[in-house]
>>> print(open('coords.csv').read())   # CSV, C-alpha atoms
chain,number,residue,atom,x,y,z
A,1,MET,CA,2.1,2.0,31.6
A,2,ALA,CA,0.8,1.7,28.1
A,3,TYR,CA,3.3,-0.9,27.0
A,4,THR,CA,3.4,-3.3,29.9
A,5,GLN,CA,2.6,-6.3,27.7
A,6,PRO,CA,5.4,-7.8,25.5
A,7,HIS,CA,3.4,-7.4,22.3
A,8,PRO,CA,1.1,-4.5,22.7
A,9,ARG,CA,-0.1,-4.5,19.1
A,10,LEU,CA,-1.0,-8.2,19.0
A,11,SER,CA,-2.9,-8.0,22.3
A,12,VAL,CA,-4.8,-5.0,21.2
A,13,LEU,CA,-5.8,-6.6,18.0
A,14,SER,CA,-7.0,-9.7,19.6
A,15,THR,CA,-9.0,-8.0,22.3
A,16,SER,CA,-10.5,-5.5,19.9
A,17,SER,CA,-11.6,-8.2,17.5
A,18,GLN,CA,-13.3,-10.0,20.3
A,19,SER,CA,-15.1,-6.9,21.4
A,20,SER,CA,-16.1,-6.0,17.9
A,21,VAL,CA,-17.9,-9.3,17.6
A,22,GLU,CA,-19.9,-8.4,20.7
A,23,HIS,CA,-20.8,-5.0,19.3
A,24,LEU,CA,-21.9,-6.5,16.0
A,25,SER,CA,-24.8,-8.2,17.8
A,26,PRO,CA,-27.7,-5.8,18.0
A,27,THR,CA,-28.5,-6.7,21.6
A,28,ALA,CA,-25.2,-5.5,22.8
A,29,SER,CA,-25.2,-2.2,21.0
A,30,SER,CA,-26.4,0.9,22.7
A,31,THR,CA,-30.0,2.1,22.1
A,32,ARG,CA,-29.1,4.9,19.8
A,33,PHE,CA,-28.1,2.3,17.2
A,34,SER,CA,-31.4,0.5,17.3
A,35,LEU,CA,-31.7,-1.4,14.1
A,36,PRO,CA,-35.2,-1.6,12.9
A,37,SER,CA,-34.1,-1.4,9.3
A,38,ALA,CA,-31.5,-4.2,9.5
A,39,PRO,CA,-33.6,-7.0,7.9
A,40,SER,CA,-34.5,-4.8,4.9
A,41,ILE,CA,-30.9,-3.9,4.4
A,42,GLN,CA,-30.0,-7.6,4.5
A,43,ALA,CA,-32.7,-8.3,1.9
A,44,THR,CA,-31.6,-5.7,-0.5
A,45,LEU,CA,-28.0,-6.9,-0.1
A,46,ASN,CA,-28.9,-10.4,-1.0
A,47,LYS,CA,-30.8,-9.3,-4.0
A,48,ALA,CA,-28.0,-7.2,-5.2
A,49,ALA,CA,-25.3,-9.8,-4.5
A,50,PRO,CA,-25.1,-11.5,-8.0
A,51,HIS,CA,-24.5,-8.1,-9.7
A,52,ARG,CA,-21.9,-6.9,-7.2
A,53,PRO,CA,-18.5,-6.4,-8.9
A,54,ASN,CA,-15.7,-8.5,-7.5
A,55,ILE,CA,-12.8,-6.6,-5.8
A,56,TYR,CA,-10.5,-8.3,-8.3
A,57,ASP,CA,-12.4,-6.8,-11.3
A,58,ARG,CA,-11.8,-3.2,-10.0
A,59,ASN,CA,-9.1,-1.1,-11.4
A,60,LEU,CA,-6.7,0.1,-8.6
A,61,ASN,CA,-6.0,3.3,-10.3
A,62,LYS,CA,-9.6,4.3,-10.7
A,63,THR,CA,-9.8,6.1,-7.4
A,64,ARG,CA,-6.3,7.6,-7.6
A,65,GLY,CA,-7.3,11.2,-7.7
A,66,THR,CA,-10.6,11.0,-5.9
A,67,GLU,CA,-11.0,12.9,-2.6
A,68,VAL,CA,-13.2,12.4,0.4
A,69,SER,CA,-15.2,15.3,1.7
A,70,ALA,CA,-13.5,16.7,4.8
A,71,SER,CA,-16.8,17.1,6.6
A,72,ALA,CA,-17.7,13.4,5.9
A,73,PHE,CA,-14.4,12.4,7.3
A,74,ALA,CA,-14.7,14.7,10.3
A,75,PHE,CA,-18.0,13.0,11.2
A,76,LEU,CA,-16.5,9.6,10.8
A,77,PHE,CA,-13.4,10.3,12.7
A,78,SER,CA,-15.5,11.9,15.5
A,79,GLU,CA,-17.4,8.7,15.8
A,80,VAL,CA,-14.2,6.7,15.7
A,81,VAL,CA,-12.8,8.7,18.7
A,82,GLN,CA,-16.1,8.5,20.6
A,83,TYR,CA,-16.4,4.8,20.0
A,84,THR,CA,-12.8,4.2,21.1
A,85,GLN,CA,-13.1,6.5,24.1
A,86,LYS,CA,-16.1,4.5,25.5
A,87,ARG,CA,-13.9,1.4,25.6
A,88,VAL,CA,-10.7,2.5,27.2
A,89,ASN,CA,-9.5,3.6,30.5
A,90,GLY,CA,-7.1,6.4,30.3
A,91,ILE,CA,-5.5,8.6,27.7
A,92,ASN,CA,-2.6,6.2,27.0
A,93,ASP,CA,-5.0,3.4,26.2
A,94,LEU,CA,-7.1,5.7,23.9
A,95,GLU,CA,-4.0,6.8,22.0
A,96,ARG,CA,-2.9,3.2,21.7
A,97,ARG,CA,-6.2,2.1,20.2
A,98,LEU,CA,-6.2,5.0,17.8
A,99,ASN,CA,-2.7,4.0,16.8
A,100,THR,CA,-3.9,0.5,16.1
A,101,LEU,CA,-6.7,1.7,13.9
A,102,GLY,CA,-4.2,3.8,12.0
A,103,TYR,CA,-1.9,0.9,11.7
A,104,ARG,CA,-4.5,-1.1,9.7
A,105,ILE,CA,-4.8,1.9,7.3
A,106,GLY,CA,-1.1,2.3,7.0
A,107,THR,CA,-0.4,-1.2,5.8
A,108,ARG,CA,-2.9,-0.6,3.0
A,109,VAL,CA,-1.7,2.9,2.2
A,110,LEU,CA,1.8,1.6,1.8
A,111,GLU,CA,1.0,-1.3,-0.5
A,112,LEU,CA,-1.4,0.7,-2.7
A,113,MET,CA,0.8,3.8,-2.9
A,114,VAL,CA,3.8,1.8,-3.9
A,115,TRP,CA,1.8,-0.2,-6.4
A,116,ARG,CA,0.5,2.9,-8.0
A,117,ALA,CA,4.0,4.4,-8.2
A,118,GLU,CA,5.9,1.3,-9.3
A,119,SER,CA,3.7,-1.1,-11.1
A,120,SER,CA,4.2,0.6,-14.5
A,121,SER,CA,7.9,0.4,-14.1
A,122,LYS,CA,9.7,-2.7,-15.5
A,123,THR,CA,11.9,-3.0,-12.4
A,124,PRO,CA,9.8,-2.0,-9.4
A,125,LYS,CA,11.9,-0.7,-6.5
A,126,ARG,CA,11.6,-0.9,-2.7
A,127,GLU,CA,13.0,1.6,-0.2
A,128,THR,CA,15.9,0.0,1.7
A,129,ARG,CA,17.5,3.1,3.3
A,130,PHE,CA,15.9,4.9,6.2
A,131,LEU,CA,16.3,8.6,5.3
A,132,PRO,CA,14.7,8.2,1.8
A,133,ALA,CA,12.0,6.2,3.4
A,134,LEU,CA,11.3,9.0,5.9
A,135,MET,CA,11.3,11.5,3.1
A,136,SER,CA,8.7,9.5,1.2
A,137,ILE,CA,6.5,9.3,4.3
A,138,HIS,CA,6.8,13.1,4.6
A,139,THR,CA,5.8,13.7,1.1
A,140,GLN,CA,4.2,10.7,-0.7
A,141,VAL,CA,2.3,9.2,2.3
A,142,TRP,CA,1.1,12.5,3.5
A,143,LYS,CA,-0.1,13.4,0.0
A,144,ALA,CA,-1.8,10.1,-0.4
A,145,VAL,CA,-3.6,10.4,2.9
A,146,PHE,CA,-4.1,14.2,3.5
A,147,GLY,CA,-3.6,15.7,0.1
A,148,LYS,CA,-0.6,17.8,1.1
A,149,ALA,CA,3.0,17.1,2.2
A,150,ALA,CA,3.9,17.4,5.9
A,151,ASP,CA,5.6,20.6,7.0
A,152,ALA,CA,8.9,19.5,8.4
A,153,ILE,CA,11.2,16.6,9.3
A,154,GLU,CA,13.5,17.0,12.3
A,155,LYS,CA,16.1,14.8,13.8
A,156,SER,CA,16.4,14.8,17.6
A,157,VAL,CA,19.6,16.4,18.9
A,158,GLU,CA,19.7,14.3,22.1
A,159,ASN,CA,18.8,10.9,20.8
A,160,ALA,CA,20.2,9.5,17.6
A,161,ASP,CA,17.2,7.1,17.3
A,162,GLU,CA,14.5,9.8,17.3
A,163,TYR,CA,13.1,11.5,14.3
A,164,MET,CA,10.1,13.8,14.0
A,165,ILE,CA,7.6,14.6,11.3
A,166,ILE,CA,5.8,17.9,11.9
A,167,ASP,CA,2.4,18.9,10.7
A,168,ASN,CA,1.4,22.5,11.4
A,169,ASP,CA,-2.3,21.9,10.9
A,170,PRO,CA,-3.3,18.2,10.8
A,171,PRO,CA,-6.5,17.9,8.8
A,172,ILE,CA,-7.9,15.1,11.0
A,173,GLU,CA,-7.7,17.4,14.1
A,174,ARG,CA,-9.2,20.4,12.5
A,175,TYR,CA,-12.6,20.0,14.0
A,176,ILE,CA,-11.5,18.5,17.3
A,177,SER,CA,-11.0,20.5,20.5
A,178,VAL,CA,-9.6,18.5,23.2
A,179,PRO,CA,-11.0,19.1,26.8
A,180,ARG,CA,-8.6,20.8,29.2
A,181,ASP,CA,-8.4,17.8,31.5
A,182,MET,CA,-7.3,15.5,28.6
A,183,SER,CA,-4.8,18.0,27.3
A,184,GLN,CA,-2.1,15.5,26.7
A,185,LEU,CA,-4.3,13.6,24.3
A,186,SER,CA,-3.4,13.9,20.7
A,187,CYS,CA,-5.8,12.4,18.2
A,188,SER,CA,-3.0,12.3,15.7
A,189,SER,CA,-2.1,9.0,17.3
A,190,PHE,CA,-4.2,7.8,14.4
A,191,THR,CA,-1.6,9.3,12.0
A,192,ALA,CA,1.2,7.9,14.2
A,193,GLY,CA,-0.3,4.5,13.6
A,194,ILE,CA,-0.2,5.0,9.8
A,195,VAL,CA,3.4,6.1,10.0
A,196,GLU,CA,4.3,3.1,12.2
A,197,ALA,CA,2.7,0.7,9.8
A,198,VAL,CA,4.5,2.2,6.8
A,199,LEU,CA,7.9,2.0,8.6
A,200,ASP,CA,7.2,-1.5,9.8
A,201,GLY,CA,6.3,-2.6,6.3
A,202,LEU,CA,9.4,-1.1,4.9
A,203,GLY,CA,11.5,-3.0,7.5
A,204,PHE,CA,12.2,-0.1,9.9
A,205,PRO,CA,10.4,-1.2,13.1
A,206,ALA,CA,9.8,1.8,15.3
A,207,ARG,CA,7.5,3.1,18.0
A,208,VAL,CA,5.6,6.1,16.8
A,209,THR,CA,3.7,8.5,19.0
A,210,ALA,CA,2.0,11.8,18.5
A,211,HIS,CA,2.4,14.9,20.6
A,212,ASN,CA,0.9,18.4,20.7
A,213,THR,CA,3.5,21.0,20.2
A,214,PRO,CA,1.5,24.2,19.7
A,215,THR,CA,3.1,27.5,18.7
A,216,SER,CA,1.5,30.9,18.8
A,217,GLN,CA,1.3,30.8,15.0
A,218,PHE,CA,0.0,27.2,14.7
A,219,PRO,CA,-2.1,26.3,17.7
A,220,SER,CA,-2.8,22.7,16.5
A,221,ARG,CA,0.8,22.0,15.5
A,222,THR,CA,1.5,18.3,16.0
A,223,THR,CA,4.8,16.3,16.1
A,224,ILE,CA,4.9,12.7,15.1
A,225,LEU,CA,7.7,11.2,17.1
A,226,ILE,CA,9.5,8.2,15.6
A,227,LYS,CA,11.7,6.1,18.0
A,228,LEU,CA,13.5,3.6,15.9
A,229,GLU,CA,14.5,0.2,17.1
A,230,LYS,CA,18.2,-0.4,17.7
A,231,SER,CA,18.4,-2.9,14.8
A,232,VAL,CA,17.5,-0.3,12.3
A,233,LEU,CA,20.3,2.0,13.4
A,234,ASP,CA,22.8,-0.8,13.4
A,235,ARG,CA,21.9,-1.8,9.9
A,236,GLU,CA,22.1,1.8,8.6
A,237,GLU,CA,25.5,2.0,10.2
A,238,LEU,CA,26.6,-1.2,8.3
A,239,MET,CA,25.2,0.0,5.0
A,240,LYS,CA,27.1,3.3,5.2
A,241,GLN,CA,30.3,1.5,4.7
B,242,MET,CA,7.7,-28.8,-15.7
B,243,SER,CA,6.1,-27.7,-12.5
B,244,HIS,CA,6.1,-24.5,-10.6
B,245,HIS,CA,5.4,-23.9,-6.9
B,246,LEU,CA,4.3,-20.6,-5.6
B,247,PHE,CA,4.1,-19.6,-2.0
B,248,LEU,CA,2.9,-16.2,-0.7
B,249,LEU,CA,4.4,-15.5,2.7
B,250,SER,CA,3.2,-12.8,5.2
B,251,PRO,CA,5.7,-10.4,6.7
B,252,SER,CA,6.1,-12.9,9.6
B,253,ASP,CA,6.7,-15.7,7.1
B,254,THR,CA,3.4,-17.5,7.6
B,255,PRO,CA,2.3,-19.1,4.3
B,256,LEU,CA,-0.9,-17.4,3.2
B,257,TYR,CA,-1.4,-19.0,-0.2
B,258,SER,CA,0.3,-21.7,-2.2
B,259,LEU,CA,-0.1,-23.0,-5.7
B,260,THR,CA,1.4,-25.8,-7.7
B,261,HIS,CA,1.3,-25.2,-11.4
B,262,HIS,CA,2.2,-27.8,-14.1
B,263,SER,CA,3.3,-26.0,-17.2
B,264,THR,CA,2.6,-27.5,-20.6
B,265,LYS,CA,5.7,-25.9,-22.0
B,266,PRO,CA,8.5,-28.3,-22.9
B,267,VAL,CA,11.1,-29.2,-20.2
B,268,PRO,CA,14.4,-27.4,-21.1
B,269,SER,CA,17.4,-29.6,-21.7
B,270,THR,CA,18.9,-28.6,-18.3
B,271,THR,CA,16.9,-31.3,-16.5
B,272,SER,CA,18.3,-34.7,-15.7
B,273,PRO,CA,19.2,-36.8,-18.7
B,274,LEU,CA,16.9,-39.6,-17.5
B,275,ALA,CA,14.0,-37.3,-17.6
B,276,SER,CA,14.7,-36.1,-21.1
B,277,ASN,CA,14.8,-39.7,-22.4
B,278,LEU,CA,11.3,-40.4,-21.3
B,279,PRO,CA,8.3,-39.4,-23.4
B,280,THR,CA,7.0,-35.9,-22.7
B,281,TRP,CA,3.9,-37.0,-20.9
B,282,SER,CA,5.9,-38.9,-18.3
B,283,THR,CA,8.7,-36.3,-17.9
B,284,SER,CA,6.1,-33.8,-16.7
B,285,ALA,CA,4.7,-36.4,-14.3
B,286,PHE,CA,8.0,-37.5,-13.0
B,287,ALA,CA,10.1,-34.4,-13.2
B,288,GLY,CA,9.2,-33.2,-9.8
B,289,THR,CA,9.8,-36.6,-8.2
B,290,LEU,CA,13.1,-37.2,-9.9
B,291,THR,CA,14.6,-33.9,-9.1
B,292,ALA,CA,13.6,-34.1,-5.5
B,293,LEU,CA,14.9,-37.7,-5.2
B,294,SER,CA,18.2,-36.9,-6.8
B,295,GLY,CA,19.3,-34.7,-4.0
B,296,ALA,CA,17.1,-35.2,-1.0
B,297,SER,CA,17.1,-38.7,0.4
B,298,SER,CA,13.4,-38.7,1.1
B,299,ALA,CA,11.8,-42.1,1.2
B,300,THR,CA,9.0,-41.2,-1.2
B,301,GLN,CA,7.1,-44.1,-2.6
B,302,HIS,CA,6.8,-44.2,-6.4
B,303,THR,CA,3.3,-44.1,-7.7
B,304,THR,CA,3.8,-45.2,-11.3
B,305,GLY,CA,1.8,-42.7,-13.4
B,306,GLY,CA,-1.7,-44.0,-13.0
B,307,GLY,CA,-3.2,-41.3,-15.1
B,308,VAL,CA,-3.6,-39.0,-12.1
B,309,ARG,CA,-0.9,-36.4,-12.5
B,310,MET,CA,-0.2,-35.4,-9.0
B,311,GLY,CA,3.3,-34.2,-10.0
B,312,GLY,CA,5.0,-32.7,-6.9
B,313,GLY,CA,2.3,-34.2,-4.7
B,314,GLN,CA,4.4,-36.8,-2.9
B,315,ASP,CA,7.5,-34.7,-2.6
B,316,ARG,CA,5.6,-31.8,-1.2
B,317,HIS,CA,7.7,-31.8,1.9
B,318,VAL,CA,10.8,-31.5,-0.1
B,319,ILE,CA,9.4,-28.5,-2.0
B,320,GLN,CA,8.4,-26.8,1.3
B,321,MET,CA,11.8,-27.4,2.7
B,322,ILE,CA,13.5,-25.8,-0.3
B,323,ALA,CA,11.1,-22.9,-0.1
B,324,ASN,CA,11.7,-22.4,3.6
B,325,ALA,CA,15.5,-22.7,3.2
B,326,SER,CA,15.5,-20.1,0.5
B,327,LEU,CA,14.1,-17.5,2.9
B,328,ASP,CA,17.5,-16.9,4.4
B,329,ALA,CA,18.9,-16.1,1.0
B,330,ILE,CA,15.9,-13.9,0.2
B,331,GLU,CA,16.4,-11.9,3.3
B,332,ASP,CA,20.1,-11.4,2.7
B,333,THR,CA,19.4,-10.3,-0.9
B,334,MET,CA,16.5,-8.0,-0.1
B,335,ARG,CA,18.7,-5.9,2.3
B,336,LYS,CA,21.2,-5.3,-0.5
B,337,GLU,CA,19.1,-5.0,-3.6
B,338,ASN,CA,16.4,-2.4,-3.8
B,339,THR,CA,14.4,-4.2,-6.5
B,340,MET,CA,11.2,-6.0,-5.7
B,341,TYR,CA,11.9,-8.9,-8.1
B,342,LEU,CA,14.8,-11.0,-6.9
B,343,LYS,CA,15.6,-13.5,-9.7
B,344,SER,CA,17.3,-16.8,-8.9
B,345,VAL,CA,18.1,-16.0,-5.3
B,346,ASP,CA,18.7,-19.6,-4.4
B,347,LYS,CA,19.3,-23.0,-6.1
B,348,PHE,CA,18.8,-26.5,-4.8
B,349,ASN,CA,19.4,-29.3,-7.3
B,350,GLU,CA,17.3,-28.5,-10.3
B,351,TRP,CA,15.1,-26.1,-8.4
B,352,THR,CA,15.7,-22.4,-8.8
B,353,VAL,CA,14.1,-20.0,-6.4
B,354,SER,CA,12.9,-16.6,-7.5
B,355,ALA,CA,11.2,-14.2,-5.2
B,356,PHE,CA,9.3,-11.0,-5.2
B,357,VAL,CA,9.1,-8.7,-2.1
B,358,THR,CA,6.4,-6.1,-2.0
B,359,ALA,CA,6.7,-2.8,-0.2
B,360,GLY,CA,4.9,-4.1,2.9
B,361,ASN,CA,7.4,-7.0,3.1
B,362,MET,CA,5.1,-9.6,1.7
B,363,LYS,CA,7.1,-12.3,0.0
B,364,PHE,CA,6.2,-14.3,-3.1
B,365,VAL,CA,8.4,-17.3,-3.5
B,366,LEU,CA,8.5,-19.3,-6.7
B,367,LEU,CA,10.3,-22.6,-7.2
B,368,HIS,CA,10.9,-23.3,-10.9
B,369,GLU,CA,13.1,-25.4,-13.1
B,370,GLY,CA,15.0,-23.8,-16.0
B,371,LYS,CA,15.2,-20.2,-16.9
B,372,ASN,CA,12.3,-17.9,-17.6
B,373,ASP,CA,13.1,-14.5,-16.2
B,374,GLU,CA,10.7,-12.4,-18.3
B,375,GLY,CA,7.9,-14.8,-17.8
B,376,ILE,CA,8.3,-14.9,-14.1
B,377,ARG,CA,8.6,-11.1,-14.0
B,378,GLY,CA,5.3,-10.8,-15.7
B,379,PHE,CA,3.7,-13.5,-13.5
B,380,PHE,CA,4.9,-11.8,-10.3
B,381,ALA,CA,3.6,-8.4,-11.6
B,382,GLU,CA,0.1,-9.9,-11.9
B,383,VAL,CA,0.2,-11.7,-8.6
B,384,TRP,CA,1.3,-8.4,-7.0
B,385,GLU,CA,-1.7,-6.6,-8.4
B,386,LEU,CA,-4.0,-9.3,-7.2
B,387,TYR,CA,-2.4,-9.3,-3.8
B,388,VAL,CA,-2.8,-5.5,-3.5
B,389,LYS,CA,-6.5,-5.9,-4.4
B,390,THR,CA,-6.8,-8.5,-1.7
B,391,MET,CA,-5.1,-6.2,0.8
B,392,MET,CA,-7.7,-3.5,0.1
B,393,ASN,CA,-10.4,-5.7,1.5
B,394,PRO,CA,-11.0,-4.5,5.1
B,395,PHE,CA,-11.7,-8.0,6.2
B,396,HIS,CA,-8.3,-9.1,5.2
B,397,THR,CA,-5.3,-8.6,7.5
B,398,ALA,CA,-1.7,-9.1,6.7
B,399,HIS,CA,-1.7,-12.4,8.5
B,400,SER,CA,-5.0,-14.0,7.2
B,401,THR,CA,-4.8,-16.8,4.6
B,402,ILE,CA,-6.1,-16.0,1.2
B,403,ARG,CA,-9.1,-18.2,0.5
B,404,SER,CA,-10.8,-16.3,-2.3
B,405,ASN,CA,-11.7,-18.5,-5.3
B,406,VAL,CA,-11.5,-15.6,-7.6
B,407,PHE,CA,-7.9,-14.9,-6.4
B,408,ASP,CA,-7.1,-18.5,-7.0
B,409,SER,CA,-8.5,-18.7,-10.5
B,410,ARG,CA,-6.8,-15.4,-11.4
B,411,VAL,CA,-3.4,-16.6,-10.2
B,412,ARG,CA,-3.9,-19.9,-12.1
B,413,ALA,CA,-4.8,-18.0,-15.2
B,414,SER,CA,-1.7,-15.8,-15.1
B,415,ALA,CA,0.4,-18.9,-14.3
B,416,ARG,CA,-0.9,-20.5,-17.5
B,417,LYS,CA,-0.1,-17.3,-19.4
B,418,TYR,CA,3.4,-16.8,-18.2
B,419,LEU,CA,4.9,-20.0,-16.9
>>> encode(input="coords.csv", output="structure tokens")
Amino acid sequence: MAYTQPHPRLSVLSTSSQSSVEHLSPTASSTRFSLPSAPSIQATLNKAAPHRPNIYDRNLNKTRGTEVSASAFAFLFSEVVQYTQKRVNGINDLERRLNTLGYRIGTRVLELMVWRAESSSKTPKRETRFLPALMSIHTQVWKAVFGKAADAIEKSVENADEYMIIDNDPPIERYISVPRDMSQLSCSSFTAGIVEAVLDGLGFPARVTAHNTPTSQFPSRTTILIKLEKSVLDREELMKQ
Amino acid sequence: MSHHLFLLSPSDTPLYSLTHHSTKPVPSTTSPLASNLPTWSTSAFAGTLTALSGASSATQHTTGGGVRMGGGQDRHVIQMIANASLDAIEDTMRKENTMYLKSVDKFNEWTVSAFVTAGNMKFVLLHEGKNDEGIRGFFAEVWELYVKTMMNPFHTAHSTIRSNVFDSRVRASARKYL
């Protein structure tokens, strides 16, 4: 149901960009975001503009070790989910939108993370094989995004094209309790989007989804399910020889 | 000696292109006709001559009227070479795990070197003569600039790069390395 269109990502991007333009206009936004202070913000911005540092002047390594407060992120993510939920019909749609938002982050995480790791090297390397790439998502990407490695990687027994990354306690869901009637919703779809972007960027196109797989020990345990496209498996097979 | 740089998105849409005329001397590998001409004219004609020597494009000769357009009129030849090299680049990037792919393709006097970032962004550079270390340094700087562009939330992987600062920074490192 969720993937009826041929290019779900493109269509989501285009519709969301249209709708975001609508929501930028103060008249369309809901009353709780009344903007009496908007002109003054604009004025201060204009005044400050000449002194604002250019993005090209900034050092990419400066923020390497900095961390974002978990509560600040929890508030932001809560707003993200609420904002998204108002504009969708159905859980599938909501998950797909969260996935798209994560995708935009994933493309940046990948470029920045690899730049930080490789730019000092004389011969920077790319990942060309799938399993090392999956390992680096499990450790490096998770460390860059969540500050810790994921808990496990599993390979599906039934399907050769399915891999799973397991997080016992995903930080982005720590302050979310999903209502009973939406129990199949996993807000880690956002994380799934990040993983999908990283895999896409590295040249392993896949469909990535998030699922709740609670255990008695870890009630918020989440599985990120990676379903690889056939081309990836074919290529891996060729490279083995 | 001129250089042509193209930045291509993961779906091979050109996001940025640059033509750079190096002041460094033309190496002796270029056509004998070009080396017989005085230096100011070789740099002006080099692009045209090399393009004409292989591709039968009906380009009209603008005899150096002071305006050094260089590869201006054989722009379509340059673009064709850059496009054609994409096949070679994609073949090589599956086999090699380095980002910098030097001399992946050749067409007449043009050598194509490429740089593939982690996110599958491709930097394609057409150059004459050999300058591996210079090009490596140039690509490293373009890479950093590109990552900074990418950090901008208003930039997507498929939007063209129009920033003036980006342009001037790339030009500066082209002057430095090429």
>>> closest_residue(input="coords.csv", among="B:Arg412, B:Arg316, B:Lys347, B:Lys336", to="chain A", atoms="only C-alpha atoms")
B:Lys336
>>> atom_distance(input="coords.csv", atom1="atom CA of Leu246 of chain B", atom2="atom CA of Ser258 of chain B")
5.4 Å
>>> residues_around(input="coords.csv", residues="segment 371-374 of chain B", least_positions_apart="3", cutoff="10 Å", atoms="only C-alpha atoms", output="PyMOL selection string")
chain B and resi 268+270+341+343-344+352+354+368+377-380+418-419
>>> write_last_selection(input="coords.csv", atoms="C-alpha atoms", output="short mmCIF file (atom, residue, chain, number, x, y, z; two decimals), keeping the file's coordinate frame")
data_model
loop_
_atom_site.label_atom_id
_atom_site.label_comp_id
_atom_site.auth_asym_id
_atom_site.auth_seq_id
_atom_site.Cartn_x
_atom_site.Cartn_y
_atom_site.Cartn_z
CA PRO B 268 14.40 -27.40 -21.10
CA THR B 270 18.90 -28.60 -18.30
CA TYR B 341 11.90 -8.90 -8.10
CA LYS B 343 15.60 -13.50 -9.70
CA SER B 344 17.30 -16.80 -8.90
CA THR B 352 15.70 -22.40 -8.80
CA SER B 354 12.90 -16.60 -7.50
CA HIS B 368 10.90 -23.30 -10.90
CA ARG B 377 8.60 -11.10 -14.00
CA GLY B 378 5.30 -10.80 -15.70
CA PHE B 379 3.70 -13.50 -13.50
CA PHE B 380 4.90 -11.80 -10.30
CA TYR B 418 3.40 -16.80 -18.20
CA LEU B 419 4.90 -20.00 -16.90
#
>>> residues_near_point(input="coords.csv", point="(9.4, -2.8, -4.6)", cutoff="7 Å", atoms="only C-alpha atoms", output="list in words")
Pro124, Lys125 and Arg126 of chain A; Thr339, Met340, Val357, Thr358 and Ala359 of chain B
>>> interface_residues(input="coords.csv", of="chain A", to="chain B", cutoff="7 Å", atoms="only C-alpha atoms", output="PDB file with C-alpha atoms, in the frame of the given file")
ATOM      1  CA  ILE A  55     -12.800  -6.600  -5.800  1.00  0.00           C
ATOM      2  CA  TYR A  56     -10.500  -8.300  -8.300  1.00  0.00           C
ATOM      3  CA  THR A 107      -0.400  -1.200   5.800  1.00  0.00           C
ATOM      4  CA  ARG A 108      -2.900  -0.600   3.000  1.00  0.00           C
ATOM      5  CA  LEU A 110       1.800   1.600   1.800  1.00  0.00           C
ATOM      6  CA  GLU A 111       1.000  -1.300  -0.500  1.00  0.00           C
ATOM      7  CA  LEU A 112      -1.400   0.700  -2.700  1.00  0.00           C
ATOM      8  CA  VAL A 114       3.800   1.800  -3.900  1.00  0.00           C
ATOM      9  CA  THR A 123      11.900  -3.000 -12.400  1.00  0.00           C
ATOM     10  CA  PRO A 124       9.800  -2.000  -9.400  1.00  0.00           C
ATOM     11  CA  LYS A 125      11.900  -0.700  -6.500  1.00  0.00           C
ATOM     12  CA  ARG A 126      11.600  -0.900  -2.700  1.00  0.00           C
ATOM     13  CA  GLU A 127      13.000   1.600  -0.200  1.00  0.00           C
ATOM     14  CA  THR A 128      15.900   0.000   1.700  1.00  0.00           C
ATOM     15  CA  GLY A 201       6.300  -2.600   6.300  1.00  0.00           C
ATOM     16  CA  LEU A 202       9.400  -1.100   4.900  1.00  0.00           C
TER      17      LEU A 202
END
>>> atom_distance(input="coords.csv", atom1="atom CA of Pro255 of chain B", atom2="atom CA of Leu60 of chain A")
24.8 Å
>>> atom_distance(input="coords.csv", atom1="atom CA of Ala413 of chain B", atom2="atom CA of Met321 of chain B")
26.2 Å
>>> closest_residue(input="coords.csv", among="A:Glu236, A:Arg104, A:Ala206, A:Leu199", to="His399 of chain B", atoms="only C-alpha atoms")
A:Arg104
>>> residues_around(input="coords.csv", residues="Thr264 of chain B", least_positions_apart="6", cutoff="9 Å", atoms="only C-alpha atoms", output="list in words")
Met242, Ser243, Ser284, Arg416 and Leu419 of chain B
